[in-house]
Amino acid sequence: MRLYHNPRCSKSREAFALLSDRGLDFEDYRYLDLGVASEDFEALLELENVIRVRDVDKDSKYDLSSKTDLKLLLMGNPKPLQRPILIHNGKAVIGRPPTEILTLLHEV
């Protein structure tokens with residue numbers, strides 16, 4: 001189980017606390033430092049609104065409705081990735097609100 005986490009984001013910190021408080025073993029994945037893990041792209045690109053549009057340059061050449069372009073964007077710059085995101089068993093969920101991550105926990 002991997003939590004795409006930005007400790008400077010309050011929602012991300014809340015999601016981290018939800019998992020920690022339940023004593024769950026998860027990877028605290030600092031995507032801003034590490035980039036997006038290649039094995040997670042398939043699950044991430046299935047999510048609606050996986051990109052924080054306001055964090056994408058207005059002159060961007062990427063088509064945000066194209067999975068190929070989204071992948072290229074995130075490979076070059078992970079900052080626009082929505083956060084927090086929990087990935088577990090090949091599925092992903094955006095933690096907005098943070099309690100949304102709990103929807104994957106029934107599989108733990």
# chains A, B, ... in the order shown; residues from 1 in each chain; ligands from 1
>>> select_by_dssp(residues="stretch 62-92 of chain A", states="strand (DSSP E or B)", output="ChimeraX atom specification")
/A:81,85-88,91-92
>>> write_last_selection(atoms="N, CA, C and O atoms", output="compact mmCIF listing (two decimals), in the first residue's frame")
# COMPACT_ATOMS: atom_id res chain seq x y z
N LEU A 81 0.22 16.38 -9.76
CA LEU A 81 -0.53 15.20 -9.30
C LEU A 81 -1.39 15.57 -8.10
O LEU A 81 -0.93 16.22 -7.16
N ILE A 85 -3.02 10.45 -2.61
CA ILE A 85 -3.56 9.32 -3.36
C ILE A 85 -3.06 8.05 -2.70
O ILE A 85 -1.87 7.92 -2.42
N LEU A 86 -3.99 7.14 -2.46
CA LEU A 86 -3.62 5.83 -1.92
C LEU A 86 -3.72 4.81 -3.04
O LEU A 86 -4.73 4.78 -3.77
N ILE A 87 -2.70 3.99 -3.17
CA ILE A 87 -2.69 2.90 -4.15
C ILE A 87 -2.56 1.59 -3.38
O ILE A 87 -1.71 1.45 -2.51
N HIS A 88 -3.46 0.67 -3.73
CA HIS A 88 -3.47 -0.64 -3.06
C HIS A 88 -4.05 -1.67 -4.02
O HIS A 88 -5.13 -1.46 -4.59
N LYS A 91 -5.31 -0.56 -7.43
CA LYS A 91 -6.38 0.44 -7.46
C LYS A 91 -5.89 1.70 -6.78
O LYS A 91 -5.01 1.65 -5.91
N ALA A 92 -6.48 2.82 -7.16
CA ALA A 92 -6.08 4.10 -6.59
C ALA A 92 -7.32 4.90 -6.22
O ALA A 92 -8.37 4.77 -6.85
>>> select_by_dssp(residues="stretch 42-88 of chain A", states="alpha helix (DSSP H)", output="tab-separated table (two decimals) with C-alpha atoms, in the first residue's frame")
chain	number	residue	atom	x	y	z
A	42	GLU	CA	-2.00	2.49	-14.85
A	43	ALA	CA	-3.99	2.94	-11.62
A	44	LEU	CA	-3.35	6.69	-11.43
A	67	LYS	CA	-3.89	9.47	-20.74
A	68	THR	CA	-0.73	9.49	-22.84
A	69	ASP	CA	-0.28	13.23	-22.30
A	70	LEU	CA	-1.09	12.95	-18.60
A	71	LYS	CA	1.60	10.31	-18.22
A	72	LEU	CA	4.13	12.45	-20.10
A	73	LEU	CA	3.23	15.46	-17.96
A	74	LEU	CA	3.66	13.54	-14.71
A	75	MET	CA	6.87	11.89	-15.85
A	76	GLY	CA	8.37	15.32	-16.42
>>> closest_residue(among="A:Pro78, A:Val93, A:Cys9, A:Leu18", to="A:Gly35", atoms="only C-alpha atoms")
A:Pro78
>>> atom_distance(atom1="atom CA of A:Tyr4", atom2="atom CA of A:Phe16")
9.4 Å
>>> closest_residue(among="A:Ile94, A:Met1, A:Glu39, A:Ser10", to="A:Leu24", atoms="only C-alpha atoms")
A:Met1
>>> atom_distance(atom1="atom CA of A:Arg96", atom2="atom CA of A:Asp25")
21.0 Å
>>> closest_residue(among="A:Asp21, A:Lys61, A:Asn6, A:Lys11", to="A:Leu34", atoms="only C-alpha atoms")
A:Asn6
>>> atom_distance(atom1="atom CA of A:Tyr31", atom2="atom CA of A:Asp55")
14.8 Å
